[in-house]
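*Asks:* Dropping a structure here in structure tokens format, bear with me for questions.
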Amino acid sequence: MSGIDSVLVATVPPLGDKQAPPKRKEGGVLSKRRGALVTVIIALLALAWLFPLLWALINSFREYEYTQANGYLSFGGWTTSNYEQAWTQGNFGLHMKNSLLITVPAVVLTLWLSSMVAFVLARFSYRFNLALLGVFLAANLLPPQALLIPVFRMFREIPLPYFMSDSGSMLNSFWALILVNTAFQMGFCTFVLSNYMKTLPYEIYESAELDGASVWRQYWQLTMPLVRPALAALATLQVTWVYNEFFWATVLIQQGDKLPVTSALNNLRGQFFTDTNLVAAGSIIVALPVLVVFFALQKQFVSGLTLGSTKG
Amino acid sequence: MLCILVGFCLQEAFVSRTTSTAIPRSTVATMAATRRNVLRGIGLSGLAVGGASLLAACGGDSGPATGSGATVKFGINEAEGSGPAYDRLKAIAAAYGKESDTEVKLNAVDHNTFQESINTYLQGTPDDVFTWFAGFRMAQFAEAGLISDVSDQWPIDGLNDSFKQAATAPDGKQYFVPVSYYPWALFYRKSIFEKNGWAPPESNNDFMELMKDMQGKGITPIAFGDKDGWPAMGTFDILNMRLNGFDYHMSLMAGEEKWDSDEVKGVFETWRTLLPYHQADPLGRTWQEAATSMGKGESGMYLLGTFVVDAIADQADDIDFFTFPELDSAIGADALDAPIDGFCVASAGKNQEAGKAMAKWLGSAAAADAGNAGADAPFIAANEGASTSSYNDLQKKSAEVVGAAANIAQFMDRDTNADFANTVMIPSIQAFLKDPDDIDGVTASIQEQAASIFG
């Protein structure tokens with residue numbers, strides 16, 4: 001992050017400053033020429049990243065018949081009907097609700113549990129502290145695919161009462177997805193939060209202790225308000241990740257009306273025939289909530305993640 | 001926290017050890033465990049809510065197994081609102097619910113997701129009855145004990161012997177009830193054939209001449225696209241059936257013949273001589289784009305299933321087809337790919353009795369009629385007694401052609417091991433299309449992989 005910032009700063013030309021700017025040493029890390037080069041490279045990379053997205057966005061507003069007859073390089077056939085059709089045919093209302101029911105509890109649970117672990121790891125020195133952090137990080141490195149069969153079988157064996165799950169087991173229930181997402185996201189959150197908490201001055205805790213604050217109070221009333229920026233940043237990230245999660249939903253949910261919206265995107269594909277423009281429209285709809293969350297909390301996101309990175 | 005973690009790890013270690021055993025045995029073992037756990041779950045939840053009466057109200061196991069007031073879960077491989085295929089299945093489910101006074105709970109999952117997660121579906125908490133395909137992929141699940149024997153429901157009125165054959169696993173019992181099918185053939189536009197004075201070829205010579213004439217008029221004879229990998233399987237199937245016969249084709253698919261044999265090489269060699277008549281660079285083209293080129297008249301014919309009209313709906317009335325002509329007079333041209341769709345009963349389904357009763361009804365003429373009455377576009381019913389009044393010309397002809405065929409294959413990805421079809425044949429055929437001269441290399445590599453899959 002900070003690398004990009006300095007690049008941006010370096011490429012902004014000094015505006016009408018009468019005083020001679022401090023002369024940069026020729027051949028420094030970012031001379032003028034290199035800065036320009038970096039800008040060009042970054043612009044190209046940004047274009048390469050954005051192109052497919054913009055392409056999908058453009059074609060989501062075009063009729064399939066038109067693009068099929070004239071090719072995708074043509075211009076015309078504009079329509080908004082893809083969006084209406086995607087919303088109704090994909091039954092997105094229901095699936096958005098499912099996604100909400102999975103994402104919100106999973107994110108809240110992840111942040112709550114990992115902040116408690118991080119608090120202990122950062123504030124108390126037990127012998128197993130480092131090992132415990134290691135375990136959390138190691139679990140984070142495991143690819144979920146490798147755990148597919150164990151988790152699937154484990155969930156099948158865990159009984160749930162019928163009022164919690166129609167299937168009588170963890171399979172086919174939101175509980176399973178909430179738990180699995182929480183488990184897989186906790187490693188990262190614990191790591192970030194514990195590092196952040198370590199930057200809080202120790203003296204605050206000493207005085208809190210002197211004033212008679214219990215450990216719980218130190219956690220809830222002292223630490224939590226102080227790590228709010230980091231929590232906000234993580235919440236943004238987690239909402240994006242859990243909402244976008246596709247793999248576990250397809251494996252653990254076998255009932256069509258319980259799928260979250262990312263998996264339900266497949267509803268727009270036929271057995272043989274796929275209207276790619278319709279799928280593009282559906283993808284844009286599915287991506288919108290993430291974009292909204294991301295842009296709304298962008299400020300928190302950047303400041304939250306960089307605050308812990310420079311220890312001064 | 002720590003003890004929970006340790007508990008997780010232990011359980012994972014235990015579970016993963018059980019997964020390493022062969023599928024059938026572990027499946028049977030875990031299925032028994034599932035039933036026990038359901039009972040335990042009921043006990044636990046009884047404690048939680050303080051009474052079993054409340055449970056009976058919301059539990060799925062209550063009520064009679066069949067007949068009035070029973071519940072049967074019906075898993076279908078079409079997403080809600082995905083078109084006629086969903087409408088038909090929904091209408092069928094509703095008709096059965098009405099007729100048998102059973103509550104049919106529909107679970108609609110889109111086709112591709114359903115197919116890709118079929119293994120976890122059947123080993124997890126499947127519905128009682130679900131949509132599936134005839135052929136090897138049905139037989140695989142039968143052997144693994146994942147689907148129930150429905151031989152006590154056969155014979156079913158109006159389903160002839162060839163359908164019974166398609167519903168039979170290698171152990172001689174039926175595990176499947178067919179409902180509909182569609183043929184693979186060479187499709188063309190009637191108006192374009194008329195304008196040029198062309199007629200469907202009767203023999204291989206006619207066929208070659210027709211293609212040469214098309215090329216002379218600047219039309220690519222055969223549209224071709226294999227970006228998704230599976231459409232070219234249809235070409236392999238039909239060439240193999242025409243050159244080596246149906247029986248050879250089926251044993252090749254079952255892994256009983258060698259893929260580097262002269263017979264298989266002969267198929268690829270014939271295919272190579274036909275490639276100049278196909279659209280060039282098929283790997284960059286989807287079947288929809290290939291169909292469009294036929295719809296626009298840039299290509300003359302297209303070897304595909306009847307679903308080809310989905311991509312060129314505007315010309316649907318102008319489309320006709322003929323079966324692939326004979327290549328070897330000793331073999332003839334009486335075999336074709338006509339994949340059969342239908343239903344299976346899941347072994348892990350909770351209501352076996354109701355599932356089987358429903359499966360039997362699903363094969364009836366009444367089921368097919370209810371489905372066709374409930375949708376804009378009909379399917380071609382497997383049951384002889386079903387009404388054909390809603391069929392369009394293409395479907396009437398399909399029913400005729402398939403009825404006249406002596407042997408029916410199910411299409412490569414249904415006739416053989418799914419792993420073999422998807423992970424071996426798709427890349428191998430694509431490699432052949434990229435470099436048609438390296439037939440020895442392609443067949444040797446297929447054989448090597450087939451040996452490791454079929455053992």
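Identifiers in this document derive from the order of the structure tokens: chains are assigned A, B, ..., residues are numbered from 1 separately in each chain, and ligands are numbered from 1 in order of occurrence.
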Can you tell me, as a PyMOL selection string, what residues are no more than 10 Å from region 436-445 of chain B when counting only C-alpha atoms, ignoring any on the same chain fewer than 3 positions away?

*Replies:* chain B and resi 258-262+264-269+271-273+275+424-425+427-433+448-451

*Asks:* Near chain B, meaning an atom within 6 Å, which residues of chain A appear when counting only C-alpha atoms? Write them as number ranges by chain.

*Replies:* A: 89, 150, 159-162, 255-256, 267, 271

*Asks:* Please produce an output containing N, CA and C atoms for each residue in the selection, written as a CSV table (one decimal), in the first residue's frame.

*Replies:*
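Below you can see selection_38.csv, which holds the result:
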chain,number,residue,atom,x,y,z
A,89,GLN,N,-35.1,-14.6,-13.4
A,89,GLN,CA,-34.8,-16.0,-13.7
A,89,GLN,C,-33.8,-16.6,-12.6
A,150,PRO,N,-13.0,-34.5,4.6
A,150,PRO,CA,-13.2,-34.5,6.1
A,150,PRO,C,-14.4,-33.6,6.6
A,159,PRO,N,-25.5,-34.3,14.1
A,159,PRO,CA,-27.0,-34.2,14.0
A,159,PRO,C,-27.4,-32.8,14.5
A,160,LEU,N,-28.5,-32.3,13.8
A,160,LEU,CA,-29.1,-31.0,14.2
A,160,LEU,C,-30.6,-31.3,14.3
A,161,PRO,N,-31.2,-30.7,15.3
A,161,PRO,CA,-32.7,-30.9,15.3
A,161,PRO,C,-33.4,-30.4,14.1
A,162,TYR,N,-34.5,-30.9,13.8
A,162,TYR,CA,-35.1,-30.6,12.5
A,162,TYR,C,-35.6,-29.1,12.4
A,255,GLN,N,-29.6,-28.1,-1.6
A,255,GLN,CA,-31.0,-27.7,-1.9
A,255,GLN,C,-31.0,-26.3,-2.6
A,256,GLY,N,-31.6,-26.3,-3.8
A,256,GLY,CA,-31.5,-25.2,-4.7
A,256,GLY,C,-31.9,-23.9,-4.0
A,267,ASN,N,-27.8,-20.5,-12.0
A,267,ASN,CA,-29.2,-20.7,-12.5
A,267,ASN,C,-29.4,-20.1,-13.9
A,271,GLN,N,-28.8,-26.1,-19.6
A,271,GLN,CA,-28.1,-27.4,-19.7
A,271,GLN,C,-27.1,-27.4,-20.9

*Asks:* For the helix (DSSP H, G or I) assignment from backbone DSSP, which residues of region 50-291 of chain B qualify? Please present them as a PyMOL selection string.

*Replies:* chain B and resi 52-58+84-100+111-116+118-123+136-143+151-153+161-166+190-196+204-216+231-244+246-253+262-277+282-284+287-291

*Asks:* Which of these, B:Ala254, B:Ala370, B:Asp171, B:Ser203, has the shortest distance to Lys98 (chain B) once you count only C-alpha atoms?

*Replies:*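 The closest residue to Lys98 (chain B) is B:Ala370.
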
*Asks:* Please determine, counting only C-alpha atoms, which residue among B:Glu263, B:Asp101, B:Glu257, B:Asp320 has the shortest atom-to-atom distance to Phe187 (chain B).

*Replies:*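 The shortest atom-to-atom distance to Phe187 (chain B) comes from B:Asp320.
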
*Asks:* Mind checking which residues fall within 12 Å of Ala139 (chain A), counting only C-alpha atoms, ignoring those fewer than 6 positions away in the same chain, and posting them as a list in words?

*Replies:*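 Surrounding residues, per the criterion: Leu132, Leu133, Ala146, Leu147, Ala183, Phe184, Gln185, Met186, Gly187, Phe188, Thr190 and Phe191 of chain A; Leu5, Phe8 and Cys9 of chain B.
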
*Asks:* Quick one: write out the picked residues with all heavy atoms as a short mmCIF file (atom, residue, chain, number, x, y, z; two decimals), in the first residue's frame?

*Replies:*
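To be explicit, this is the file written out as out08.cif:
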data_model
loop_
_atom_site.label_atom_id
_atom_site.label_comp_id
_atom_site.auth_asym_id
_atom_site.auth_seq_id
_atom_site.Cartn_x
_atom_site.Cartn_y
_atom_site.Cartn_z
N LEU A 132 0.25 -21.12 19.39
CA LEU A 132 -1.18 -20.96 19.09
C LEU A 132 -1.37 -20.07 17.87
O LEU A 132 -2.15 -20.39 16.96
CB LEU A 132 -1.87 -20.36 20.31
CG LEU A 132 -3.39 -20.45 20.31
CD1 LEU A 132 -3.83 -21.89 20.20
CD2 LEU A 132 -3.95 -19.84 21.58
N LEU A 133 -0.62 -18.98 17.82
CA LEU A 133 -0.70 -18.11 16.65
C LEU A 133 -0.28 -18.88 15.41
O LEU A 133 -0.89 -18.75 14.33
CB LEU A 133 0.22 -16.89 16.85
CG LEU A 133 0.07 -15.78 15.80
CD1 LEU A 133 -1.32 -15.21 15.80
CD2 LEU A 133 1.09 -14.69 16.03
N ALA A 146 -8.51 -29.28 0.21
CA ALA A 146 -7.90 -30.44 0.86
C ALA A 146 -8.77 -30.93 2.01
O ALA A 146 -8.69 -32.09 2.40
CB ALA A 146 -6.51 -30.09 1.35
N LEU A 147 -9.58 -30.04 2.56
CA LEU A 147 -10.39 -30.41 3.71
C LEU A 147 -11.82 -30.78 3.32
O LEU A 147 -12.65 -31.06 4.17
CB LEU A 147 -10.43 -29.25 4.71
CG LEU A 147 -9.08 -28.94 5.34
CD1 LEU A 147 -9.18 -27.72 6.22
CD2 LEU A 147 -8.59 -30.12 6.14
N ALA A 183 -14.54 -20.54 10.58
CA ALA A 183 -13.32 -21.29 10.86
C ALA A 183 -12.20 -20.91 9.89
O ALA A 183 -11.06 -20.71 10.29
CB ALA A 183 -13.60 -22.79 10.77
N PHE A 184 -12.55 -20.76 8.62
CA PHE A 184 -11.50 -20.50 7.65
C PHE A 184 -11.03 -19.05 7.67
O PHE A 184 -9.92 -18.76 7.26
CB PHE A 184 -11.98 -20.87 6.24
CG PHE A 184 -11.71 -22.31 5.92
CD1 PHE A 184 -12.66 -23.26 6.18
CD2 PHE A 184 -10.48 -22.70 5.43
CE1 PHE A 184 -12.41 -24.59 5.92
CE2 PHE A 184 -10.22 -24.02 5.18
CZ PHE A 184 -11.18 -24.97 5.41
N GLN A 185 -11.85 -18.13 8.16
CA GLN A 185 -11.43 -16.73 8.17
C GLN A 185 -10.75 -16.34 9.46
O GLN A 185 -10.11 -15.30 9.54
CB GLN A 185 -12.64 -15.81 7.92
CG GLN A 185 -13.32 -16.02 6.59
CD GLN A 185 -12.40 -15.86 5.42
OE1 GLN A 185 -11.34 -15.25 5.52
NE2 GLN A 185 -12.75 -16.45 4.28
N MET A 186 -10.91 -17.15 10.51
CA MET A 186 -10.39 -16.76 11.82
C MET A 186 -8.87 -16.61 11.83
O MET A 186 -8.34 -15.75 12.51
CB MET A 186 -10.83 -17.77 12.88
CG MET A 186 -12.06 -17.33 13.62
SD MET A 186 -12.42 -18.45 14.95
CE MET A 186 -11.15 -18.02 16.11
N GLY A 187 -8.18 -17.45 11.12
CA GLY A 187 -6.72 -17.41 11.11
C GLY A 187 -6.20 -16.05 10.72
O GLY A 187 -5.44 -15.41 11.46
N PHE A 188 -6.68 -15.57 9.60
CA PHE A 188 -6.23 -14.27 9.08
C PHE A 188 -6.60 -13.14 10.04
O PHE A 188 -5.80 -12.28 10.35
CB PHE A 188 -6.84 -14.05 7.70
CG PHE A 188 -6.54 -12.70 7.12
CD1 PHE A 188 -5.27 -12.42 6.63
CD2 PHE A 188 -7.50 -11.71 7.08
CE1 PHE A 188 -4.98 -11.18 6.11
CE2 PHE A 188 -7.23 -10.47 6.56
CZ PHE A 188 -5.97 -10.20 6.07
N THR A 190 -7.26 -13.24 13.25
CA THR A 190 -6.49 -13.30 14.49
C THR A 190 -5.11 -12.71 14.29
O THR A 190 -4.61 -11.94 15.10
CB THR A 190 -6.36 -14.77 14.94
OG1 THR A 190 -7.66 -15.33 15.01
CG2 THR A 190 -5.67 -14.87 16.27
N PHE A 191 -4.50 -13.05 13.18
CA PHE A 191 -3.16 -12.56 12.86
C PHE A 191 -3.15 -11.03 12.78
O PHE A 191 -2.35 -10.36 13.45
CB PHE A 191 -2.72 -13.18 11.54
CG PHE A 191 -1.40 -12.69 11.06
CD1 PHE A 191 -0.23 -13.03 11.73
CD2 PHE A 191 -1.31 -11.90 9.93
CE1 PHE A 191 1.00 -12.58 11.28
CE2 PHE A 191 -0.09 -11.44 9.48
CZ PHE A 191 1.07 -11.79 10.16
N LEU B 5 -10.03 -27.03 19.21
CA LEU B 5 -9.14 -27.21 18.06
C LEU B 5 -8.62 -28.62 17.99
O LEU B 5 -8.65 -29.27 16.94
CB LEU B 5 -7.95 -26.26 18.21
CG LEU B 5 -7.99 -25.05 17.31
CD1 LEU B 5 -6.93 -24.08 17.74
CD2 LEU B 5 -7.79 -25.49 15.88
N PHE B 8 -11.20 -30.92 16.85
CA PHE B 8 -11.38 -30.84 15.40
C PHE B 8 -10.35 -31.68 14.68
O PHE B 8 -10.64 -32.45 13.81
CB PHE B 8 -11.25 -29.38 14.95
CG PHE B 8 -12.57 -28.70 14.80
CD1 PHE B 8 -13.46 -28.70 15.85
CD2 PHE B 8 -12.93 -28.08 13.62
CE1 PHE B 8 -14.68 -28.07 15.71
CE2 PHE B 8 -14.13 -27.46 13.48
CZ PHE B 8 -15.01 -27.44 14.53
N CYS B 9 -9.08 -31.50 15.12
CA CYS B 9 -7.99 -32.18 14.44
C CYS B 9 -8.16 -33.68 14.55
O CYS B 9 -8.02 -34.42 13.58
CB CYS B 9 -6.64 -31.80 15.03
SG CYS B 9 -6.29 -30.07 14.79
#

*Asks:* Quick check, in Å to one decimal: how far apart do CA of Gln174 (chain B) and CA of Val150 (chain B) lie?

*Replies:*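 Value for the CA of Gln174 (chain B)-CA of Val150 (chain B) distance: 5.6 Å.
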
*Asks:* Which residue gives the smallest distance to Leu297 (chain A) among A:Val261, A:Leu252, A:Leu100, A:Ala230, with only C-alpha atoms counted?

*Replies:* A:Ala230

*Asks:* Give me, please, the distance in Å between CA of Met208 (chain B) and CA of Pro221 (chain B), quoted to one decimal.

*Replies:*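 For CA of Met208 (chain B) relative to CA of Pro221 (chain B), the distance reads 9.8 Å.
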